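Engineer: What follows is the file entry_39.txt, containing compact mmCIF, C-alpha atoms (C1' of nucleotides):
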```txt
# COMPACT_ATOMS: atom_id res chain seq x y z
CA MET K 29 0.00 0.00 0.00
CA PHE K 30 2.69 2.50 0.91
CA ARG K 31 5.48 1.68 -1.45
CA ARG K 32 7.32 4.90 -1.30
CA LEU K 33 9.95 5.35 1.30
CA GLY K 34 12.82 4.52 -0.90
CA ARG K 35 14.44 7.86 -1.17
CA LEU K 36 16.79 9.90 0.93
CA GLY K 37 19.10 7.33 2.33
CA HIS K 38 20.21 8.96 5.57
CA MET K 39 23.93 8.68 5.64
CA SER K 40 24.37 11.64 7.92
CA ALA K 41 22.40 12.81 10.93
CA GLN K 42 20.46 15.24 8.78
CA PRO K 43 18.29 13.63 6.20
CA LEU K 44 17.14 17.04 5.08
CA ASP K 45 18.75 20.40 4.83
CA SER K 46 17.87 23.31 7.02
CA SER K 47 14.49 24.16 5.55
CA GLU K 48 12.46 21.70 7.61
CA HIS K 49 8.91 22.86 7.32
CA ARG K 50 6.33 20.73 9.04
CA SER K 51 2.77 21.25 8.03
CA GLY K 52 1.25 19.25 10.87
CA ALA K 53 0.62 22.04 13.32
CA LEU K 54 -0.65 24.38 10.65
CA LEU K 55 -2.96 21.70 9.37
CA ASP K 56 -4.28 21.24 12.88
CA HIS K 57 -4.72 24.94 13.42
CA LEU K 58 -6.57 25.61 10.19
CA ALA K 59 -8.68 22.49 10.49
CA ARG K 60 -9.82 23.68 13.88
CA ARG K 61 -10.66 27.16 12.69
CA MET K 62 -12.59 25.72 9.81
CA ARG K 63 -14.36 23.16 11.96
CA LEU K 64 -15.60 25.74 14.42
CA ARG K 65 -17.22 27.72 11.64
CA SER K 66 -18.48 24.61 9.91
CA GLU K 67 -20.37 23.41 12.95
CA SER K 68 -22.83 26.27 12.97
CA VAL K 69 -23.23 26.21 9.20
CA LEU K 70 -23.71 22.45 9.08
CA ALA K 71 -26.12 22.21 12.01
CA PRO K 72 -29.20 23.29 10.01
CA LEU K 73 -28.36 20.57 7.51
CA GLY K 74 -28.28 17.98 10.26
CA LEU K 75 -24.63 17.31 9.78
CA ARG K 76 -21.49 17.57 11.81
CA PRO K 77 -17.98 18.12 10.57
CA ARG K 78 -17.10 14.48 10.92
CA HIS K 79 -20.07 13.48 8.84
CA LEU K 80 -18.82 15.74 6.12
CA VAL K 81 -15.42 14.11 6.21
CA ALA K 82 -17.00 10.70 5.82
CA LEU K 83 -19.21 11.85 2.97
CA THR K 84 -16.27 13.47 1.24
CA VAL K 85 -14.19 10.32 1.51
CA LEU K 86 -17.08 8.26 0.25
CA ARG K 87 -17.60 10.50 -2.74
CA ALA K 88 -13.92 10.32 -3.61
CA GLY K 89 -13.62 6.56 -3.28
CA GLY K 90 -17.01 5.07 -2.64
CA GLY K 91 -18.01 1.46 -2.70
CA THR K 92 -15.76 0.41 0.14
CA GLY K 93 -16.52 -1.83 3.05
CA GLN K 94 -16.69 -0.40 6.54
CA GLN K 95 -13.42 -1.96 7.51
CA ALA K 96 -11.71 -0.16 4.67
CA LEU K 97 -13.47 3.03 5.64
CA ALA K 98 -12.20 2.66 9.18
CA THR K 99 -8.69 2.36 7.79
CA ILE K 100 -9.04 5.42 5.60
CA LEU K 101 -10.56 7.57 8.32
CA GLU K 102 -8.26 5.98 10.87
CA MET K 103 -11.08 5.48 13.28
CA ASP K 104 -12.05 2.50 15.33
CA SER K 105 -14.51 0.39 13.36
CA THR K 106 -16.98 0.28 16.23
CA ASN K 107 -17.29 4.03 16.04
CA ILE K 108 -17.67 3.93 12.29
CA VAL K 109 -20.88 2.03 12.84
CA GLY K 110 -22.47 4.87 14.73
CA LEU K 111 -21.27 7.39 12.22
CA LEU K 112 -22.76 5.43 9.35
CA ASN K 113 -25.96 4.83 11.31
CA ASP K 114 -26.42 8.58 11.50
CA LEU K 115 -25.87 8.98 7.79
CA GLU K 116 -28.04 6.04 6.85
CA ALA K 117 -30.87 7.27 9.05
CA LYS K 118 -30.78 10.45 7.02
CA GLN K 119 -30.58 8.39 3.82
CA LEU K 120 -27.37 9.99 2.74
CA ILE K 121 -25.62 6.66 2.40
CA GLU K 122 -26.61 3.09 1.68
CA ARG K 123 -25.27 -0.14 3.06
CA ARG K 124 -25.59 -2.91 0.54
CA ARG K 125 -24.32 -6.39 1.13
CA SER K 126 -21.48 -7.24 -1.16
CA PRO K 127 -22.41 -10.02 -3.61
CA GLU K 128 -18.87 -11.40 -3.57
CA ASP K 129 -18.55 -11.53 0.19
CA ARG K 130 -21.85 -11.27 1.90
CA ARG K 131 -20.29 -10.47 5.23
CA ARG K 132 -19.27 -7.15 3.87
CA HIS K 133 -21.38 -4.02 3.81
CA VAL K 134 -20.52 -1.90 0.85
CA VAL K 135 -21.09 1.73 1.71
CA GLU K 136 -22.05 4.21 -0.92
CA LEU K 137 -23.37 7.71 -1.24
CA THR K 138 -27.00 7.98 -2.24
CA GLU K 139 -28.21 10.69 -4.56
CA ASP K 140 -29.52 12.54 -1.56
CA GLY K 141 -26.12 12.16 0.02
CA ALA K 142 -24.31 13.65 -2.93
CA LYS K 143 -26.79 16.47 -3.07
CA ARG K 144 -26.57 17.21 0.63
CA LEU K 145 -22.82 17.17 0.40
CA SER K 146 -22.92 19.69 -2.40
CA GLU K 147 -25.31 21.87 -0.47
CA ALA K 148 -23.04 21.73 2.53
CA GLU K 149 -20.05 22.69 0.45
CA CYS K 150 -21.88 25.65 -0.96
CA ALA K 151 -22.98 26.69 2.49
CA LEU K 152 -19.40 26.54 3.66
CA ALA K 153 -18.22 29.14 1.21
CA SER K 154 -18.33 31.95 3.72
CA ALA K 155 -16.58 29.88 6.36
CA GLU K 156 -13.80 29.16 3.94
CA ASP K 157 -13.63 32.79 2.96
CA GLU K 158 -12.95 33.66 6.56
CA VAL K 159 -10.35 31.03 7.22
CA LEU K 160 -8.57 31.11 3.88
CA GLY K 161 -9.01 34.82 3.41
CA ALA K 162 -5.33 35.34 2.89
CA LEU K 163 -5.31 33.14 -0.19
CA ASP K 164 -6.61 34.16 -3.55
CA ARG K 165 -8.73 32.00 -5.81
CA THR K 166 -5.90 30.28 -7.61
CA GLU K 167 -4.06 29.57 -4.39
CA ARG K 168 -7.14 28.03 -2.83
CA GLU K 169 -7.57 25.80 -5.83
CA THR K 170 -3.95 24.75 -5.54
CA LEU K 171 -4.46 24.07 -1.87
CA TYR K 172 -7.52 21.98 -2.59
CA GLU K 173 -5.71 20.03 -5.22
CA LEU K 174 -2.79 19.27 -2.92
CA LEU K 175 -5.01 18.29 0.00
CA SER K 176 -7.12 16.18 -2.26
CA ARG K 177 -4.18 14.27 -3.64
CA ALA K 178 -2.65 13.79 -0.21
CA SER K 179 -5.95 12.67 1.24
CA THR K 180 -6.70 10.00 -1.31
CA GLY K 181 -3.25 8.57 -1.17
CA THR K 182 -2.08 8.87 -4.70
CA ALA K 183 -5.18 8.13 -6.71
CA VAL K 184 -8.15 10.20 -7.81
CA THR K 185 -7.20 13.05 -10.13
CA CYS K 186 -10.86 13.78 -9.59
CA THR K 187 -10.49 17.46 -10.22
CA GLU K 188 -12.33 17.32 -13.48
CA ALA K 189 -14.61 14.41 -12.71
CA ILE K 190 -16.24 16.14 -9.75
CA CYS K 191 -16.79 19.41 -11.51
CA ALA K 192 -19.32 17.73 -13.73
CA THR K 193 -21.28 16.42 -10.77
CA ASP K 194 -21.76 19.22 -8.29
CA ASP K 195 -22.75 22.04 -10.57
CA THR K 196 -26.08 22.00 -8.81
CA CYS K 197 -24.80 24.78 -6.60
CA MET A 3 1.59 22.93 -12.92
CA PHE A 4 -1.66 24.04 -11.40
CA ARG A 5 -2.88 26.72 -13.64
CA ARG A 6 -5.39 24.72 -15.50
CA LEU A 7 -8.74 25.92 -14.41
CA GLY A 8 -9.01 28.41 -17.16
CA ARG A 9 -12.15 26.91 -18.57
CA LEU A 10 -15.10 28.30 -16.72
CA GLY A 11 -16.71 30.92 -18.71
CA HIS A 12 -20.09 31.86 -17.34
CA MET A 13 -19.89 34.67 -14.84
CA SER A 14 -23.36 34.60 -13.36
CA ALA A 15 -24.81 36.16 -10.23
CA GLN A 16 -22.78 33.93 -7.95
CA PRO A 17 -19.36 35.07 -7.01
CA LEU A 18 -18.28 31.51 -7.68
CA ASP A 19 -19.20 29.19 -10.48
CA SER A 20 -19.74 25.50 -10.45
CA SER A 21 -16.29 24.32 -9.45
CA GLU A 22 -16.87 24.69 -5.73
CA HIS A 23 -14.06 22.91 -3.99
CA ARG A 24 -14.20 23.03 -0.25
CA SER A 25 -11.02 22.24 1.58
CA GLY A 26 -12.59 21.98 5.03
CA ALA A 27 -13.25 18.27 5.11
CA LEU A 28 -9.90 17.43 3.57
CA LEU A 29 -8.19 19.68 6.07
CA ASP A 30 -10.00 17.85 8.84
CA HIS A 31 -9.14 14.46 7.48
CA LEU A 32 -5.46 15.14 6.97
CA ALA A 33 -5.12 16.95 10.27
CA ARG A 34 -6.52 13.90 12.00
CA ARG A 35 -4.20 11.50 10.24
CA MET A 36 -1.27 13.69 11.06
CA ARG A 37 -2.32 14.17 14.66
CA LEU A 38 -2.63 10.45 15.29
CA ARG A 39 0.93 9.89 14.15
CA SER A 40 2.19 12.98 15.90
CA GLU A 41 0.93 11.85 19.26
CA SER A 42 3.24 8.88 19.51
CA VAL A 43 6.18 10.81 18.11
CA LEU A 44 5.62 13.77 20.41
CA ALA A 45 4.99 11.81 23.58
CA PRO A 46 8.70 11.20 24.33
CA LEU A 47 9.24 14.93 24.03
CA GLY A 48 6.53 15.57 26.60
CA LEU A 49 4.35 17.34 24.09
CA ARG A 50 0.95 16.90 22.62
CA PRO A 51 -0.29 18.02 19.24
CA ARG A 52 -2.09 21.00 20.67
CA HIS A 53 1.06 22.14 22.44
CA LEU A 54 2.81 22.09 19.11
CA VAL A 55 0.14 24.24 17.57
CA ALA A 56 0.53 26.79 20.34
CA LEU A 57 4.31 26.79 20.05
CA THR A 58 4.09 27.16 16.29
CA VAL A 59 1.73 30.10 16.58
CA LEU A 60 3.94 31.68 19.21
CA ARG A 61 7.00 31.31 17.04
CA ALA A 62 5.21 32.89 14.10
CA GLY A 63 3.79 35.81 16.02
CA GLY A 64 5.20 35.84 19.54
CA GLY A 65 4.88 38.51 22.15
CA THR A 66 1.12 38.39 22.38
CA GLY A 67 -1.10 38.48 25.41
CA GLN A 68 -3.13 35.45 26.33
CA GLN A 69 -6.35 37.02 25.23
CA ALA A 70 -4.91 37.55 21.79
CA LEU A 71 -3.63 34.00 21.81
CA ALA A 72 -7.07 32.75 22.66
CA THR A 73 -8.41 34.66 19.69
CA ILE A 74 -5.80 33.27 17.32
CA LEU A 75 -6.21 29.68 18.48
CA GLU A 76 -9.96 30.23 18.80
CA MET A 77 -10.02 28.61 22.18
CA ASP A 78 -11.65 29.68 25.37
CA SER A 79 -9.21 31.77 27.39
CA THR A 80 -9.73 29.69 30.51
CA ASN A 81 -8.42 26.68 28.66
CA ILE A 82 -5.50 28.65 27.33
CA VAL A 83 -4.32 29.04 30.90
CA GLY A 84 -3.91 25.33 31.38
CA LEU A 85 -2.22 24.94 28.06
CA LEU A 86 0.29 27.64 28.87
CA ASN A 87 0.79 26.25 32.35
CA ASP A 88 1.95 23.01 30.79
CA LEU A 89 4.35 24.78 28.51
CA GLU A 90 5.65 27.09 31.20
CA ALA A 91 6.24 24.19 33.57
CA LYS A 92 8.48 22.71 30.90
CA GLN A 93 10.09 26.13 30.41
CA LEU A 94 9.22 26.25 26.77
CA ILE A 95 7.45 29.58 27.12
CA GLU A 96 7.69 32.56 29.42
CA ARG A 97 4.99 34.79 30.79
CA ARG A 98 6.25 38.30 31.36
CA ARG A 99 4.05 41.09 32.56
CA SER A 100 3.62 43.76 29.99
CA PRO A 101 5.20 47.06 31.05
CA GLU A 102 2.49 49.05 29.32
CA ASP A 103 -0.42 47.21 30.81
CA ARG A 104 0.59 45.25 33.83
CA ARG A 105 -2.56 43.18 33.76
CA ARG A 106 -1.37 41.57 30.62
CA HIS A 107 0.89 38.55 30.41
CA VAL A 108 3.02 38.64 27.33
CA VAL A 109 3.74 35.12 26.20
CA GLU A 110 6.91 34.26 24.39
CA LEU A 111 8.89 31.26 23.34
CA THR A 112 12.02 30.60 25.36
CA GLU A 113 15.19 29.37 23.74
CA ASP A 114 14.38 25.93 25.04
CA GLY A 115 10.96 26.27 23.53
CA ALA A 116 12.28 27.12 20.09
CA LYS A 117 14.74 24.26 20.33
CA ARG A 118 12.13 21.79 21.44
CA LEU A 119 9.87 22.89 18.66
CA SER A 120 12.61 22.33 16.12
CA GLU A 121 13.33 18.93 17.57
CA ALA A 122 9.68 18.03 17.38
CA GLU A 123 9.49 19.15 13.78
CA CYS A 124 12.46 17.02 12.87
CA ALA A 125 10.96 14.07 14.69
CA LEU A 126 7.76 14.51 12.73
CA ALA A 127 9.45 14.01 9.39
CA SER A 128 8.44 10.37 9.16
CA ALA A 129 4.89 11.10 10.18
CA GLU A 130 4.64 13.67 7.47
CA ASP A 131 6.17 11.29 4.97
CA GLU A 132 3.37 8.87 5.67
CA VAL A 133 0.53 11.33 5.50
CA LEU A 134 1.80 13.48 2.65
CA GLY A 135 3.38 10.60 0.81
CA ALA A 136 1.49 11.40 -2.37
CA LEU A 137 3.14 14.80 -2.61
CA ASP A 138 6.68 15.37 -3.71
CA ARG A 139 9.10 17.74 -2.07
CA THR A 140 8.13 20.81 -4.04
CA GLU A 141 4.45 20.21 -3.56
CA ARG A 142 4.91 19.84 0.18
CA GLU A 143 6.77 23.10 0.28
CA THR A 144 3.94 24.75 -1.65
CA LEU A 145 1.45 23.27 0.77
CA TYR A 146 3.41 24.54 3.73
CA GLU A 147 3.64 27.97 2.24
CA LEU A 148 -0.09 28.13 1.60
CA LEU A 149 -1.02 26.83 5.04
CA SER A 150 1.42 29.19 6.63
CA ARG A 151 0.03 32.21 4.88
CA ALA A 152 -3.55 31.22 5.61
CA SER A 153 -2.74 30.51 9.23
CA THR A 154 -1.14 33.82 10.00
CA GLY A 155 -3.86 35.81 8.36
CA THR A 156 -2.12 37.75 5.71
CA ALA A 157 1.15 38.69 7.30
CA VAL A 158 4.42 36.87 7.76
CA THR A 159 6.01 35.82 4.49
CA CYS A 160 8.22 34.07 6.97
CA THR A 161 9.38 31.41 4.59
CA GLU A 162 12.90 32.72 4.48
CA ALA A 163 12.99 34.31 7.90
CA ILE A 164 12.42 31.06 9.73
CA CYS A 165 14.90 29.07 7.75
CA ALA A 166 17.67 31.08 9.32
CA THR A 167 16.43 30.25 12.79
CA ASP A 168 15.73 26.57 12.98
CA ASP A 169 18.69 25.15 11.15
CA THR A 170 19.67 23.60 14.48
CA CYS A 171 18.01 20.42 13.32
C1' DG F 17 -14.40 55.75 43.96
C1' DT F 18 -16.57 52.63 40.57
C1' DA F 19 -16.42 50.01 36.60
C1' DA F 20 -14.20 47.41 33.16
C1' DT F 21 -10.42 44.30 31.76
C1' DC F 22 -6.70 40.51 32.06
C1' DG F 23 -5.40 36.53 33.92
C1' DT F 24 -6.22 32.65 37.09
C1' DC F 25 -8.60 28.81 39.35
C1' DT F 26 -12.47 25.53 39.98
C1' DG F 27 -15.98 22.90 38.46
C1' DT F 28 -19.66 21.08 35.19
C1' DG F 29 -21.00 18.98 31.12
C1' DA F 30 -20.84 17.53 26.30
C1' DA F 31 -18.69 15.37 22.33
C1' DA F 32 -15.45 12.41 20.10
C1' DC F 33 -13.05 8.96 20.65
C1' DA F 34 -10.35 4.36 21.83
C1' DC F 35 -10.97 0.05 23.74
C1' DC F 36 -13.25 -4.26 25.50
C1' DA F 37 -16.65 -7.99 25.38
C1' DA F 38 -20.31 -10.47 23.41
C1' DC F 39 -23.13 -11.69 19.55
C1' DT F 40 -24.76 -12.78 14.44
C1' DA F 41 -23.90 -13.81 9.71
C1' DT F 42 -20.84 -15.46 6.58
C1' DT F 43 -16.68 -17.26 4.63
C1' DT F 44 -12.44 -20.10 4.64
C1' DA F 45 -9.54 -23.76 6.26
C1' DT F 46 -9.04 -28.48 7.80
C1' DA V 15 -18.80 -31.18 8.48
C1' DT V 16 -16.60 -28.79 11.88
C1' DA V 17 -13.65 -25.22 13.38
C1' DA V 18 -11.59 -20.84 12.81
C1' DA V 19 -11.45 -16.48 10.98
C1' DT V 20 -13.73 -12.16 9.31
C1' DA V 21 -17.37 -8.20 8.84
C1' DG V 22 -20.48 -5.93 11.12
C1' DT V 23 -23.32 -4.69 15.22
C1' DT V 24 -24.39 -3.46 20.02
C1' DG V 25 -23.45 -1.91 24.64
C1' DG V 26 -20.49 -0.33 27.91
C1' DT V 27 -16.27 2.08 30.10
C1' DG V 28 -12.93 5.53 30.33
C1' DT V 29 -10.11 9.46 28.54
C1' DT V 30 -9.22 13.73 26.44
C1' DT V 31 -10.49 18.02 24.78
C1' DC V 32 -13.17 21.26 24.98
C1' DA V 33 -16.97 25.23 25.99
C1' DC V 34 -19.04 27.56 29.54
C1' DA V 35 -20.02 29.62 34.15
C1' DG V 36 -18.73 31.59 38.66
C1' DA V 37 -15.60 33.77 41.64
C1' DC V 38 -11.30 36.00 42.71
C1' DG V 39 -7.02 39.35 42.67
C1' DA V 40 -4.54 42.70 40.15
C1' DT V 41 -4.63 46.62 37.28
C1' DT V 42 -6.35 50.17 34.45
C1' DA V 43 -9.80 53.64 32.89
C1' DC V 44 -13.46 56.92 33.91
```
Spell out the structure here as structure tokens.

Structural biologist:
Amino acid sequence: MFRRLGRLGHMSAQPLDSSEHRSGALLDHLARRMRLRSESVLAPLGLRPRHLVALTVLRAGGGTGQQALATILEMDSTNIVGLLNDLEAKQLIERRRSPEDRRRHVVELTEDGAKRLSEAECALASAEDEVLGALDRTERETLYELLSRASTGTAVTCTEAICATDDTC
Amino acid sequence: MFRRLGRLGHMSAQPLDSSEHRSGALLDHLARRMRLRSESVLAPLGLRPRHLVALTVLRAGGGTGQQALATILEMDSTNIVGLLNDLEAKQLIERRRSPEDRRRHVVELTEDGAKRLSEAECALASAEDEVLGALDRTERETLYELLSRASTGTAVTCTEAICATDDTC
DNA sequence: GTAATCGTCTGTGAAACACCAACTATTTAT
DNA sequence: ATAAATAGTTGGTGTTTCACAGACGATTAC
């Protein structure tokens, strides 16, 4: 699964030169700022930030079992159940039994789910404007593209594919 | 590399057209993945992810009062106290009373604090490699630059300034 | 002097988890 | 066919991170 780690053989103490920029803390900081604003915006839609994460992941790479989803979201599978229960109760996702392995529940976005996700994303425009105010349009698109690629491992290239779907803004 | 997005002609009433890409959920997702890995790496250093966020913010824009810090981190000021207590107990920050307004505690990174932060960032290299594995070196630098600018509002442009400081890796 | 502000401390409660144990349905191995 | 492993579900426990409220001392502003 993770087959890169081949490079930079560390022959000295410093694998990297002086410019060691870690994005972790910044990621944390911005995610928090965004989440705080998202909560109030998402509440009327009956969603919480973590639901949105799940929906987003499902849109990007749907049709996975719950185990796989737990791996992607890095959450305990028992807690995934509750999360999906919420979403299924609202009919935003569907659990179908896999024909190949009937133990497995294949989780997928419903039409309603995709629509609600789009609505949520539109509603979050102002929140994003506040948090990413220092970045212009092109920079935000770049940011999205980088986050998107990082988030889905190495796959996707969904940039174009999605555009066709959520023009229902 | 990222300046394809030129095709989107119709400028309608909306400030934004159909390609509505929200980074919030991705930010959340990646921040979580990073935080999970950071915890184990940071533990031996006596730090937690949220300490690192505070230290990072303080390094970027030190010399602020706690109220201001609460605003930046968007946390309740009563909880800031505990956070700073932790860091002060480890002598990573200092609280000096402001000469102008002696009610105010000006918070600043100590030398130890800056060093510890650098150490932590170095230690987080492998965590970042895992989470941002899909991005190459240049892309990660771009990401850092974007996050950094967004995080500090509109100021800073610290990219070069910091390099000179934390080469003590 | 009185009022407002900054920081501190204490405590309460909610939410998001991780983790454990038990159970069902189903598949795979022997 | 029987046993073992796997996917999901349910219920429960405990921890951590918060937001929020109340009260206090120190300091400043009016």

Engineer: Please provide as a ChimeraX atom specification all residues within 12 Å of V:DC38, with the sequence filter that same-chain residues fewer than 3 positions apart are discarded (counting all atoms listed in the file).

Structural biologist: /F:23-26

Engineer: If we count only C-alpha atoms (C1' of nucleotides), what is near A:Glu76 at a cut-off of 9 Å, once residues fewer than 3 positions away on the same chain are taken out, given as a PDB file with C-alpha atoms, in the coordinates of the input?

Structural biologist:
```pdb
ATOM      1  CA  ARG K  60      -9.820  23.680  13.880  1.00  0.00           C
ATOM      2  CA  ARG K  61     -10.660  27.160  12.690  1.00  0.00           C
ATOM      3  CA  LEU K  64     -15.600  25.740  14.420  1.00  0.00           C
TER       4      LEU K  64
ATOM      5  CA  LEU A  71      -3.630  34.000  21.810  1.00  0.00           C
ATOM      6  CA  ALA A  72      -7.070  32.750  22.660  1.00  0.00           C
ATOM      7  CA  THR A  73      -8.410  34.660  19.690  1.00  0.00           C
ATOM      8  CA  SER A  79      -9.210  31.770  27.390  1.00  0.00           C
TER       9      SER A  79
END
```

Engineer: Residues around (-21.6, -9.1, 3.9), cut-off 12 Å, counting only C-alpha atoms (C1' of nucleotides) - what are they as a PyMOL selection string?

Structural biologist: (chain K and resi 92-95+123-135) or (chain F and resi 40-43) or (chain V and resi 20-22)

Engineer: Tell me, in Å to one decimal, how far atom CA of A:Glu130 is from atom CA of K:Met62.

Structural biologist: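 Interatomic distance here is 21.2 Å.
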
Engineer: In Å, rounded to a single decimal, give me how far atom CA of A:Ala91 is from atom CA of A:Gly64.

Structural biologist: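 Distance between the two atoms: 18.3 Å.
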
Engineer: Do you know which residues are at most 10 Å from V:DT29 counting only C-alpha atoms (C1' of nucleotides), after dropping those on the same chain fewer than 2 positions away, and could you put them as a list in words?

Structural biologist: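 Near neighbours after the sequence-gap exclusion: DC33 and DA34 of chain F; DT27 and DT31 of chain V.
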
Engineer: With all atoms listed in the file as the counted atoms, please give the residues lying no more than 8 Å from stretch 109-114 of chain K, apart from itself and same-chain residues fewer than 5 positions off, as a ChimeraX atom specification.

Structural biologist: /K:79,94,121 /V:23

Engineer: Those same residues, written as a CSV table (one decimal), keeping the file's coordinate frame with C-alpha atoms (C1' of nucleotides)?

Structural biologist:
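Listed below is the output, out.csv:
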```
chain,number,residue,atom,x,y,z
K,79,HIS,CA,-20.1,13.5,8.8
K,94,GLN,CA,-16.7,-0.4,6.5
K,121,ILE,CA,-25.6,6.7,2.4
V,23,DT,C1',-23.3,-4.7,15.2
```

Engineer: So what do you get for atom CA of K:Thr180 versus atom CA of A:His31, distance-wise?

Structural biologist: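 Rounded to one decimal, the two atoms are 10.2 Å apart.
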
Engineer: Would you mind telling me which residue in K:Leu171, K:Ile108, K:Leu137, K:Leu145 lies nearest to chain V when using all atoms listed in the file?

Structural biologist: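 That would be K:Ile108, the residue with the smallest distance to chain V.
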
Engineer: As a VMD selection string, please: the residues near A:Leu47 (cut-off 12 Å, only C-alpha atoms (C1' of nucleotides), same-chain neighbours under 3 positions excluded).

Structural biologist: chain A and resid 40 to 44 50 to 51 53 to 54 89 92 94 115 117 to 126

Engineer: Which of these residues is nearest to chain V, using only C-alpha atoms (C1' of nucleotides): K:Ser154, K:Ser51, K:Thr106, K:Thr84?

Structural biologist: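 Of the candidates, the smallest distance to chain V is held by K:Thr106.
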
Engineer: Using only C-alpha atoms (C1' of nucleotides), find the one residue out of K:Ser179, K:Gln119, K:Thr166, K:Asn107 that sits nearest to F:DA32.

Structural biologist: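 Going through K:Ser179, K:Gln119, K:Thr166, K:Asn107 one by one, the smallest distance to F:DA32 is for K:Asn107.
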
Engineer: Determine the nearest neighbour of chain V from the options A:Ala62, A:Ala27, A:Met77, A:Leu57, counting all atoms listed in the file.

Structural biologist: A:Met77

Engineer: When distances are computed from all atoms listed in the file, which of A:Leu29, A:Arg24, A:Ala56, A:Asp78 shows the smallest separation from chain V?

Structural biologist: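 For chain V, the nearest of the candidates is A:Asp78.
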
Engineer: K:Arg78, K:Tyr172, K:Ala59, K:Gly52: which is nearest chain F, counting only C-alpha atoms (C1' of nucleotides)?

Structural biologist: K:Arg78
